[in-house]
file my_file-v6.cif (mmCIF, C-alpha atoms)
data_coords
loop_
_atom_site.label_atom_id
_atom_site.label_comp_id
_atom_site.auth_asym_id
_atom_site.auth_seq_id
_atom_site.Cartn_x
_atom_site.Cartn_y
_atom_site.Cartn_z
CA MET H 253 -3.84 8.76 16.14
CA GLU H 254 -4.58 5.66 18.13
CA LEU H 255 -2.40 2.63 17.76
CA SER H 256 -3.15 -0.66 19.42
CA GLY H 257 -2.49 -4.29 18.82
CA GLU H 258 -0.90 -7.37 20.25
CA HIS H 259 1.76 -9.92 19.52
CA VAL H 260 2.20 -13.42 20.89
CA PHE H 261 5.76 -14.52 21.73
CA ASN H 262 6.78 -18.14 22.12
CA LEU H 263 8.85 -17.10 25.13
CA PRO H 264 8.26 -16.85 28.89
CA ARG H 265 6.95 -13.54 30.22
CA GLU H 266 9.99 -12.61 32.32
CA GLN H 267 12.26 -12.97 29.29
CA VAL H 268 10.02 -10.96 26.97
CA TYR H 269 9.70 -8.20 29.55
CA ASN H 270 13.45 -7.99 30.06
CA MET H 271 14.20 -8.07 26.35
CA MET H 272 11.79 -5.25 25.70
CA LEU H 273 13.67 -3.07 28.16
CA ASP H 274 17.17 -4.04 27.00
CA PRO H 275 18.67 -1.18 24.96
CA GLU H 276 20.86 -3.60 22.97
CA VAL H 277 17.90 -5.77 21.97
CA LEU H 278 15.75 -2.73 21.21
CA LYS H 279 18.43 -1.16 19.10
CA ALA H 280 18.87 -4.32 17.08
CA SER H 281 15.12 -4.84 16.71
CA LEU H 282 13.74 -1.39 15.93
CA PRO H 283 13.63 -1.12 12.14
CA GLY H 284 16.21 1.42 10.97
CA CYS H 285 17.48 2.21 14.48
CA GLU H 286 20.92 3.76 14.18
CA LYS H 287 21.44 4.90 17.76
CA LEU H 288 19.90 4.15 21.14
CA GLU H 289 21.86 5.49 24.09
CA ALA H 290 20.97 5.82 27.75
CA ILE H 291 20.94 9.47 28.78
CA GLY H 292 19.44 8.94 32.22
CA GLU H 293 17.56 6.36 34.20
CA ASP H 294 15.03 4.79 31.83
CA GLU H 295 15.64 7.55 29.33
CA TYR H 296 17.24 7.10 25.94
CA ALA H 297 18.28 9.21 22.98
CA ALA H 298 17.39 7.51 19.71
CA THR H 299 18.00 7.97 16.01
CA MET H 300 15.93 5.97 13.57
CA LYS H 301 15.79 5.89 9.83
CA ILE H 302 12.13 5.21 9.18
CA GLY H 303 9.87 5.27 6.22
CA ILE H 304 8.13 3.26 3.61
CA ALA H 305 9.34 2.91 0.06
CA MET H 306 10.53 6.29 -1.18
CA ILE H 307 9.28 8.29 1.78
CA LYS H 308 11.95 7.99 4.38
CA GLY H 309 13.79 10.21 6.79
CA THR H 310 16.08 10.07 9.77
CA PHE H 311 14.19 10.86 12.93
CA SER H 312 15.86 11.65 16.22
CA GLY H 313 14.31 12.02 19.64
CA LYS H 314 13.89 10.65 23.11
CA VAL H 315 12.34 7.54 24.59
CA ARG H 316 11.32 7.44 28.24
CA ILE H 317 10.02 4.48 30.25
CA THR H 318 7.74 5.04 33.24
CA ASP H 319 5.31 3.11 35.46
CA LYS H 320 7.40 -0.04 35.40
CA VAL H 321 5.72 -3.01 37.08
CA ALA H 322 7.97 -5.98 36.32
CA PRO H 323 7.14 -8.21 34.54
CA GLU H 324 3.58 -7.01 33.89
CA ARG H 325 3.61 -3.64 32.24
CA TYR H 326 5.29 -0.35 31.53
CA THR H 327 4.57 2.89 29.75
CA MET H 328 6.71 4.20 26.91
CA HIS H 329 6.85 7.86 25.91
CA ILE H 330 8.37 8.99 22.67
CA GLU H 331 9.10 12.30 21.06
CA GLY H 332 10.96 12.78 17.85
CA SER H 333 11.35 14.90 14.79
CA GLY H 334 12.63 14.43 11.29
CA PRO H 335 12.60 16.18 7.93
CA GLN H 336 8.96 15.31 7.24
CA GLY H 337 7.39 16.04 10.60
CA GLN H 338 7.24 15.51 14.32
CA VAL H 339 5.75 12.79 16.46
CA ASN H 340 5.07 12.52 20.15
CA GLY H 341 3.06 10.02 22.04
CA SER H 342 2.87 7.41 24.71
CA GLY H 343 1.63 3.91 25.04
CA GLN H 344 1.07 1.17 27.58
CA LEU H 345 2.60 -2.24 27.09
CA GLU H 346 1.05 -5.12 28.94
CA PHE H 347 2.69 -8.54 29.23
CA ILE H 348 0.26 -11.41 29.74
CA ASP H 349 1.53 -14.79 30.89
CA ASN H 350 -0.07 -17.70 28.97
CA GLY H 351 2.22 -20.40 30.34
CA ASP H 352 4.56 -21.22 27.44
CA THR H 353 3.76 -18.06 25.54
CA THR H 354 3.43 -14.37 26.34
CA THR H 355 0.98 -11.92 24.82
CA VAL H 356 2.18 -8.35 24.58
CA LYS H 357 -0.68 -5.89 24.23
CA TYR H 358 0.05 -2.32 23.27
CA ASN H 359 -2.25 0.62 23.33
CA GLY H 360 -1.10 4.13 22.63
CA GLU H 361 -1.91 7.52 21.30
CA ALA H 362 0.47 9.46 19.06
CA ASN H 363 0.32 12.97 17.71
CA VAL H 364 1.88 13.47 14.33
CA THR H 365 2.41 16.99 13.02
CA GLY H 366 4.19 18.64 10.11
CA THR H 367 4.15 17.87 6.38
CA ILE H 368 3.56 14.17 6.90
CA ALA H 369 0.38 14.88 8.90
CA ARG H 370 -0.91 17.44 6.39
CA VAL H 371 -0.44 15.44 3.22
CA GLY H 372 0.38 11.91 4.23
CA ALA H 373 -2.20 11.27 6.95
CA ARG H 374 -3.57 8.15 5.29
CA MET H 375 -0.21 6.43 5.31
CA ILE H 376 0.73 7.00 8.96
CA GLN H 377 -1.41 4.33 10.60
CA PRO H 378 -0.55 1.49 8.20
CA ALA H 379 3.12 2.51 8.37
CA ALA H 380 3.14 2.51 12.17
CA ARG H 381 1.51 -0.90 12.17
CA THR H 382 4.06 -2.24 9.69
CA ILE H 383 6.96 -0.97 11.81
CA ALA H 384 5.43 -2.42 15.01
CA GLY H 385 5.03 -5.77 13.24
CA GLN H 386 8.65 -5.81 12.07
CA PHE H 387 9.80 -4.84 15.56
CA PHE H 388 7.99 -7.68 17.34
CA LYS H 389 9.09 -10.24 14.75
CA SER H 390 12.68 -9.14 15.14
CA ILE H 391 12.54 -9.34 18.96
CA GLU H 392 11.11 -12.85 18.64
CA THR H 393 14.19 -14.04 16.69
CA LYS H 394 16.49 -12.83 19.46
CA GLY H 395 14.79 -14.83 22.20
CA MET G 163 7.78 24.13 -3.63
CA TYR G 164 10.98 22.87 -5.19
CA PRO G 165 12.36 19.38 -4.71
CA ASN G 166 15.76 18.79 -3.19
CA PRO G 167 18.52 18.57 -5.81
CA PHE G 168 18.80 15.27 -7.65
CA GLU G 169 20.74 13.86 -10.55
CA TYR G 170 18.80 12.99 -13.71
CA HIS G 171 19.59 9.85 -15.71
CA ARG G 172 17.94 8.59 -18.87
CA ALA G 173 17.75 4.86 -19.55
CA GLY G 174 17.63 3.73 -23.18
CA SER G 175 16.62 0.16 -22.37
CA VAL G 176 15.22 -1.87 -19.48
CA GLU G 177 18.66 -3.50 -19.08
CA GLU G 178 20.26 -0.08 -18.74
CA ALA G 179 17.64 0.95 -16.14
CA ILE G 180 18.44 -2.22 -14.17
CA SER G 181 22.18 -1.58 -14.21
CA LEU G 182 21.64 2.06 -13.19
CA LEU G 183 19.48 0.85 -10.28
CA GLN G 184 22.24 -1.55 -9.24
CA GLU G 185 24.91 1.11 -9.55
CA LEU G 186 23.06 3.95 -7.79
CA GLY G 187 21.52 1.88 -5.00
CA GLU G 188 18.62 2.79 -2.75
CA ASP G 189 18.84 6.55 -3.36
CA ALA G 190 17.67 6.06 -6.95
CA LYS G 191 14.05 6.05 -8.15
CA LEU G 192 12.62 5.21 -11.54
CA ILE G 193 10.44 7.91 -13.02
CA ALA G 194 7.82 7.43 -15.74
CA GLY G 195 4.72 9.69 -15.61
CA GLY G 196 5.99 11.22 -12.39
CA HIS G 197 2.55 12.30 -11.18
CA SER G 198 2.90 10.52 -7.85
CA LEU G 199 6.65 10.88 -7.43
CA LEU G 200 7.10 14.56 -8.32
CA PRO G 201 4.47 15.97 -5.93
CA THR G 202 5.98 13.84 -3.17
CA MET G 203 9.42 15.21 -4.01
CA LYS G 204 8.16 18.80 -4.14
CA LEU G 205 6.74 18.34 -0.64
CA ARG G 206 10.14 16.88 0.26
CA LEU G 207 8.53 13.77 1.65
CA ALA G 208 10.67 11.84 -0.82
CA ASN G 209 14.20 12.97 -1.54
CA PRO G 210 15.81 10.59 -4.01
CA ALA G 211 19.34 11.55 -5.01
CA HIS G 212 18.93 10.07 -8.50
CA LEU G 213 16.00 9.86 -10.90
CA ILE G 214 16.18 7.34 -13.73
CA ASP G 215 13.82 8.35 -16.51
CA ILE G 216 12.45 5.28 -18.31
CA THR G 217 10.02 7.08 -20.65
CA GLY G 218 12.51 6.89 -23.53
CA ILE G 219 12.61 3.09 -23.50
CA ALA G 220 11.12 1.74 -26.71
CA GLY G 221 8.61 -1.12 -26.67
CA LEU G 222 7.01 -0.49 -23.28
CA ASP G 223 4.06 1.52 -24.57
CA HIS G 224 1.70 -0.98 -26.21
CA VAL G 225 -1.58 -2.80 -25.86
CA THR G 226 -1.35 -6.26 -27.44
CA ASP G 227 -3.99 -8.96 -27.85
CA LYS G 228 -2.29 -12.24 -26.89
CA GLY G 229 -5.39 -14.39 -27.20
CA ASP G 230 -6.11 -15.49 -23.62
CA TYR G 231 -4.88 -12.21 -22.21
CA ILE G 232 -4.19 -8.61 -23.12
CA GLU G 233 -0.67 -7.37 -22.50
CA ILE G 234 -0.32 -3.72 -21.56
CA GLY G 235 3.18 -2.24 -21.64
CA ALA G 236 4.26 -0.53 -18.42
CA LEU G 237 4.59 2.87 -20.07
CA THR G 238 1.03 2.80 -21.44
CA ARG G 239 -0.68 5.97 -20.30
CA HIS G 240 -4.17 6.20 -18.79
CA VAL G 241 -5.45 8.18 -21.78
CA THR G 242 -4.39 5.32 -24.09
CA LEU G 243 -6.38 2.79 -22.05
CA LEU G 244 -9.33 5.14 -22.23
CA LYS G 245 -9.30 5.15 -26.05
CA ASP G 246 -7.68 1.87 -27.12
CA PRO G 247 -9.99 -0.37 -29.21
CA ILE G 248 -8.47 -3.63 -27.85
CA ILE G 249 -9.09 -2.47 -24.27
CA ALA G 250 -12.63 -1.39 -25.18
CA ALA G 251 -13.37 -4.83 -26.66
CA LYS G 252 -11.41 -7.19 -24.38
CA ALA G 253 -10.78 -5.41 -21.07
CA PRO G 254 -13.38 -2.63 -20.85
CA LEU G 255 -13.11 -2.44 -17.05
CA LEU G 256 -9.71 -0.78 -17.44
CA ALA G 257 -11.17 1.91 -19.68
CA LEU G 258 -13.89 2.60 -17.09
CA ILE G 259 -11.24 2.89 -14.39
CA ALA G 260 -8.85 4.99 -16.51
CA ASN G 261 -11.67 7.49 -16.86
CA GLU G 262 -11.78 7.85 -13.07
CA VAL G 263 -8.05 8.39 -12.53
CA GLY G 264 -7.07 11.87 -11.37
CA ASP G 265 -7.66 14.63 -13.90
CA ARG G 266 -6.90 15.18 -17.59
CA GLN G 267 -3.25 16.07 -16.95
CA ILE G 268 -2.67 12.98 -14.81
CA ARG G 269 -4.38 10.73 -17.38
CA ALA G 270 -2.15 12.19 -20.07
CA ARG G 271 1.07 11.52 -18.16
CA GLY G 272 0.51 8.71 -15.67
CA THR G 273 1.31 5.11 -16.64
CA ILE G 274 -0.16 1.76 -15.63
CA GLY G 275 3.31 0.45 -14.74
CA GLY G 276 3.79 3.41 -12.42
CA VAL G 277 0.47 2.72 -10.71
CA VAL G 278 1.28 -0.90 -9.91
CA ALA G 279 4.91 -0.23 -8.91
CA HIS G 280 3.92 2.68 -6.65
CA ALA G 281 1.17 0.61 -4.95
CA ASP G 282 -0.74 3.55 -3.55
CA PRO G 283 -3.49 1.98 -1.42
CA ALA G 284 -5.98 4.53 -2.79
CA ALA G 285 -5.11 4.09 -6.48
CA ASP G 286 -8.01 3.11 -8.75
CA TYR G 287 -6.58 0.39 -11.02
CA PRO G 288 -5.65 -2.14 -8.32
CA ALA G 289 -9.37 -2.71 -7.55
CA GLY G 290 -9.89 -3.75 -11.16
CA LEU G 291 -6.62 -5.61 -11.50
CA VAL G 292 -7.29 -7.84 -8.48
CA ALA G 293 -10.85 -8.50 -9.71
CA LEU G 294 -9.56 -9.40 -13.19
CA GLU G 295 -6.75 -11.55 -11.71
CA ALA G 296 -4.15 -9.60 -13.65
CA GLU G 297 -0.44 -10.44 -13.60
CA VAL G 298 2.54 -8.12 -13.31
CA VAL G 299 5.56 -8.77 -15.53
CA THR G 300 8.90 -7.59 -14.14
CA LEU G 301 12.45 -7.77 -15.39
CA GLY G 302 15.48 -7.93 -13.12
CA PRO G 303 19.06 -9.20 -13.16
CA GLY G 304 17.68 -12.73 -12.75
CA GLY G 305 15.37 -12.46 -15.77
CA GLU G 306 11.65 -12.09 -16.20
CA THR G 307 9.12 -12.80 -13.46
CA VAL G 308 5.33 -12.97 -13.79
CA THR G 309 3.46 -12.42 -10.52
CA PRO G 310 -0.31 -12.43 -9.87
CA ILE G 311 -1.29 -8.91 -8.75
CA ASP G 312 -2.74 -10.32 -5.51
CA ASP G 313 0.74 -11.62 -4.59
CA PHE G 314 2.56 -8.60 -6.01
CA LEU G 315 0.81 -6.07 -3.74
CA ILE G 316 2.03 -6.31 -0.16
CA SER G 317 1.10 -3.15 1.69
CA ILE G 318 1.18 0.62 1.39
CA TYR G 319 3.74 1.54 -1.33
CA THR G 320 5.18 -1.95 -0.90
CA THR G 321 5.27 -4.72 -3.49
CA THR G 322 7.40 -7.76 -4.25
CA LEU G 323 9.31 -5.65 -6.80
CA GLY G 324 13.03 -5.89 -6.00
CA PRO G 325 15.24 -2.80 -5.73
CA ASP G 326 16.86 -3.61 -9.08
CA GLU G 327 13.73 -4.74 -10.93
CA VAL G 328 11.52 -2.90 -13.41
CA VAL G 329 7.82 -3.45 -14.12
CA THR G 330 7.58 -4.05 -17.87
CA ALA G 331 3.94 -5.02 -18.42
CA VAL G 332 0.58 -5.90 -16.93
CA ARG G 333 -1.31 -8.91 -18.29
CA VAL G 334 -5.08 -8.95 -18.06
CA PRO G 335 -6.94 -12.22 -18.73
CA VAL G 336 -9.74 -11.89 -21.29
CA GLN G 337 -13.05 -12.55 -19.54
CA PRO G 338 -15.59 -15.09 -20.84
CA GLU G 339 -18.35 -14.11 -23.26
CA GLY G 340 -21.24 -12.35 -21.52
CA THR G 341 -19.13 -10.73 -18.78
CA GLY G 342 -20.28 -7.38 -17.42
CA VAL G 343 -18.04 -4.96 -15.56
CA ALA G 344 -18.44 -1.83 -13.44
CA TYR G 345 -16.38 0.53 -11.29
CA GLU G 346 -17.98 2.61 -8.56
CA LYS G 347 -16.02 5.19 -6.66
CA LEU G 348 -16.28 7.75 -3.92
CA ALA G 349 -13.52 10.19 -4.83
CA ASN G 350 -11.61 12.56 -2.64
CA GLN G 351 -12.76 15.90 -4.01
CA ALA G 352 -9.33 17.50 -3.73
CA SER G 353 -6.98 14.77 -4.98
CA GLY G 354 -9.31 12.58 -7.03
CA TYR G 355 -7.97 9.51 -5.24
CA ALA G 356 -10.45 6.80 -4.25
CA ILE G 357 -11.70 7.10 -0.70
CA ILE G 358 -13.46 3.90 -1.73
CA GLY G 359 -13.34 2.23 -5.15
CA VAL G 360 -15.14 -1.01 -6.04
CA ALA G 361 -14.65 -2.95 -9.26
CA ALA G 362 -17.07 -5.74 -10.18
CA VAL G 363 -16.68 -8.43 -12.83
CA VAL G 364 -19.83 -10.49 -13.36
CA SER G 365 -19.41 -13.52 -15.64
CA PRO G 366 -21.84 -16.39 -16.19
CA GLY G 367 -21.61 -18.31 -12.91
CA ALA G 368 -18.92 -16.16 -11.29
CA VAL G 369 -18.65 -12.77 -9.61
CA LYS G 370 -15.36 -11.07 -8.75
CA ILE G 371 -15.13 -7.95 -6.62
CA GLY G 372 -12.02 -5.83 -5.95
CA LEU G 373 -11.86 -2.97 -3.47
CA THR G 374 -9.39 -0.10 -3.07
CA GLY G 375 -8.91 2.91 -0.78
CA LEU G 376 -10.01 1.10 2.36
CA SER G 377 -6.99 -0.71 3.66
CA ASP G 378 -3.23 -0.82 3.12
CA ARG G 379 -3.74 -2.41 -0.31
CA ALA G 380 -6.47 -3.42 -2.76
CA PHE G 381 -8.15 -6.72 -1.96
CA ARG G 382 -10.79 -9.20 -3.18
CA ALA G 383 -14.10 -9.67 -1.38
CA ARG G 384 -13.98 -13.45 -1.57
CA GLU G 385 -16.85 -14.22 0.79
CA ALA G 386 -19.28 -12.01 -1.11
CA GLU G 387 -17.98 -13.50 -4.38
CA MET G 388 -18.67 -17.02 -3.15
CA SER G 389 -22.17 -16.27 -1.98
CA LEU G 390 -22.96 -14.66 -5.35
CA ALA G 391 -21.34 -17.36 -7.51
CA GLY G 392 -24.03 -19.24 -9.39
CA ALA G 393 -26.81 -17.41 -7.52
CA THR G 394 -29.67 -15.67 -9.25
CA LEU G 395 -28.56 -12.08 -9.23
CA ASP G 396 -31.22 -9.60 -8.25
CA LEU G 397 -31.00 -6.42 -6.22
CA ALA G 398 -32.01 -8.20 -3.01
CA SER G 399 -29.49 -11.05 -3.30
CA ILE G 400 -26.71 -8.62 -4.26
CA LYS G 401 -27.48 -6.33 -1.35
CA ALA G 402 -27.51 -9.23 1.08
CA ALA G 403 -24.21 -10.65 -0.21
CA THR G 404 -22.37 -7.32 -0.16
CA ARG G 405 -23.50 -6.33 3.33
CA GLY G 406 -20.43 -6.24 5.58
CA ILE G 407 -18.14 -6.62 2.57
CA THR G 408 -15.12 -5.33 4.52
CA ALA G 409 -15.61 -7.76 7.44
CA GLY G 410 -12.30 -9.26 8.52
CA VAL G 411 -10.28 -6.57 6.71
CA GLU G 412 -8.41 -3.85 8.55
CA VAL G 413 -9.96 -0.57 7.36
CA TYR G 414 -8.19 2.70 8.10
CA GLY G 415 -9.97 5.95 8.90
CA ASP G 416 -8.43 9.33 8.26
CA ILE G 417 -9.35 13.00 8.16
CA HIS G 418 -11.50 12.43 5.05
CA ALA G 419 -13.57 9.46 6.18
CA SER G 420 -13.81 7.46 9.39
CA GLU G 421 -13.41 3.71 9.46
CA ALA G 422 -17.14 3.17 10.15
CA TYR G 423 -18.15 5.45 7.29
CA ARG G 424 -15.78 3.73 4.88
CA ARG G 425 -17.14 0.29 5.78
CA ARG G 426 -20.72 1.45 5.34
CA VAL G 427 -20.18 3.21 2.02
CA ALA G 428 -18.16 0.23 0.73
CA ASP G 429 -21.25 -1.97 1.21
CA GLY G 430 -23.37 0.39 -0.85
CA LEU G 431 -20.84 0.92 -3.61
CA ALA G 432 -20.18 -2.82 -3.87
CA ALA G 433 -23.90 -3.54 -4.27
CA ARG G 434 -24.15 -0.82 -6.90
CA ALA G 435 -21.07 -2.07 -8.81
CA VAL G 436 -22.26 -5.70 -8.89
CA ALA G 437 -25.78 -4.69 -9.92
CA LYS G 438 -24.42 -2.52 -12.71
CA ALA G 439 -22.03 -5.25 -13.93
CA ALA G 440 -24.94 -7.70 -13.89
CA GLY G 441 -26.99 -5.33 -16.05
CA LEU G 442 -29.56 -4.64 -13.34
CA SER G 443 -29.23 -0.88 -13.25
#

call {"tool": "encode", "arguments": {"input": "my_file-v6.cif", "output": "structure tokens"}}
result
Amino acid sequence: MELSGEHVFNLPREQVYNMMLDPEVLKASLPGCEKLEAIGEDEYAATMKIGIAMIKGTFSGKVRITDKVAPERYTMHIEGSGPQGQVNGSGQLEFIDNGDTTTVKYNGEANVTGTIARVGARMIQPAARTIAGQFFKSIETKG
Amino acid sequence: MYPNPFEYHRAGSVEEAISLLQELGEDAKLIAGGHSLLPTMKLRLANPAHLIDITGIAGLDHVTDKGDYIEIGALTRHVTLLKDPIIAAKAPLLALIANEVGDRQIRARGTIGGVVAHADPAADYPAGLVALEAEVVTLGPGGETVTPIDDFLISIYTTTLGPDEVVTAVRVPVQPEGTGVAYEKLANQASGYAIIGVAAVVSPGAVKIGLTGLSDRAFRAREAEMSLAGATLDLASIKAATRGITAGVEVYGDIHASEAYRRRVADGLAARAVAKAAGLS
């Protein structure tokens, strides 16, 4: 599944870039994030309670950041599993300086397997987009 | 497959259902027909700890002519809408749609309140309800709320319904004399859900079109409606107005149909639905 989009922050680029690599900010901004701990350099263990309406589960996994070019871009890799399935994928985040505002463009590819992929395929993309939207909005309020 | 264990509660009134929801919190789900919830539980995608059965609540299974609108109780089943004389006379679009929902078993058990509260983006009714400008009546601790369906639906499985609120009825405005309706659908052959569903309501001087199955919720095709309003409806003008009917809307592809295919078929089904509602085919 491909997932791409963008969000415009009313914040300078340097600040947005740093916030989006700050485990404390990420933990507070990821919807349902219960745990985000550093387990190595640019590597985190995460637990997230995600879902929509009645379909929800606690997913745990790892997040890894590579190809950091501050404050322009980085690549995020995720792998996780929960009661309804597994997900792994990676995506590029690009931070574009517009003067007073910053556009964050994301473009990634995720593989979803398990029950959720077999019977809930049509809900994955809208759900992922909803979660991404909530995440960016929440980051915005912490700037 | 079997669902995870859960506790079963039976509410005798809407007030009791509300207080059970408040008491049991987010691990509780209301159950009516159960034909969306139970399969999801058997697959263990949903694992509510408590089910509150509302099917024993009196007074929620009715179709009532209120003059300007028809009120349909939340527990009214699809098969009732299919056969009810008031629906046939005053809101025939809902009977057409009820006929397209799932299979015989689902139509015998599923309820209209369940459909709107569940907000499945591929459910059939929402296409018709947005086109008819229906309203959803809910009851919560703060009293009764009436919300236009277009505001009520937010996204996939998500509505403005609060965690301690219950859908009690759906109100459907009676359309003006001379209104024609139609529902055209491309169904998923396995589940019966709409890959694309288009409802058309053609009244003298106005056309309303609702679409389902394409995006994260049902929506109106307002641009096409505007270009058809007051126009002379013939096959050519309808085809021109419904071309690109999903423009500006996020359409999701999946294993059953790609985004491009969905957009293309939506154009064709929309043209067919409007033509049929206008009495042209």

call {"tool": "resolve_selection", "arguments": {"input": "my_file-v6.cif", "expression": "the PyMOL selection byres ((chain H and resi 319) around 12)", "output": "list in words"}}
result
Asp294, Arg316, Ile317, Thr318, Lys320, Val321, Ala322, Pro323, Glu324, Arg325, Tyr326, Thr327, Met328, His329, Ser342, Gly343, Gln344, Leu345 and Glu346 of chain H

call {"tool": "atom_distance", "arguments": {"input": "my_file-v6.cif", "atom1": "atom CA of Gly174 of chain G", "atom2": "atom CA of Ile219 of chain G"}}
result
5.1 Å

call {"tool": "resolve_selection", "arguments": {"input": "my_file-v6.cif", "expression": "the PyMOL selection byres ((chain H) within 7 of (chain G))", "output": "NGL selection string"}}
result
:H and (304-308 or 336 or 373-374 or 378)

call {"tool": "closest_residue", "arguments": {"input": "my_file-v6.cif", "among": "G:Gly340, G:Pro165, G:Gly275, G:Gly264", "to": "Glu233 of chain G", "atoms": "all atoms listed in the file"}}
result
G:Gly275

call {"tool": "resolve_selection", "arguments": {"input": "my_file-v6.cif", "expression": "the PyMOL selection byres ((chain G and resi 291) around 10)", "output": "list in words"}}
result
Leu255, Leu256, Val278, Asp286, Tyr287, Pro288, Ala289, Gly290, Val292, Ala293, Leu294, Glu295, Ala296, Glu297, Val298, Pro310, Ile311, Asp312, Val332, Arg333, Val334, Pro335, Ala361, Gly372, Leu373, Ala380, Phe381 and Arg382 of chain G

call {"tool": "closest_residue", "arguments": {"input": "my_file-v6.cif", "among": "H:Gly395, H:Gly351, H:Gly360, H:Gly309", "to": "Cys285 of chain H", "atoms": "all atoms listed in the file"}}
result
H:Gly309

call {"tool": "residues_around", "arguments": {"input": "my_file-v6.cif", "residues": "His212 of chain G", "least_positions_apart": "6", "cutoff": "6 Å", "atoms": "only C-alpha atoms", "output": "JSON, numbers by chain"}}
result
{"G": [168, 169, 170, 190]}

call {"tool": "closest_residue", "arguments": {"input": "my_file-v6.cif", "among": "G:Ile407, G:Ala331, G:Leu192, G:Thr300", "to": "His224 of chain G", "atoms": "all atoms listed in the file"}}
result
G:Ala331

call {"tool": "atom_distance", "arguments": {"input": "my_file-v6.cif", "atom1": "atom CA of Ala384 of chain H", "atom2": "atom CA of Leu255 of chain H"}}
result
9.7 Å
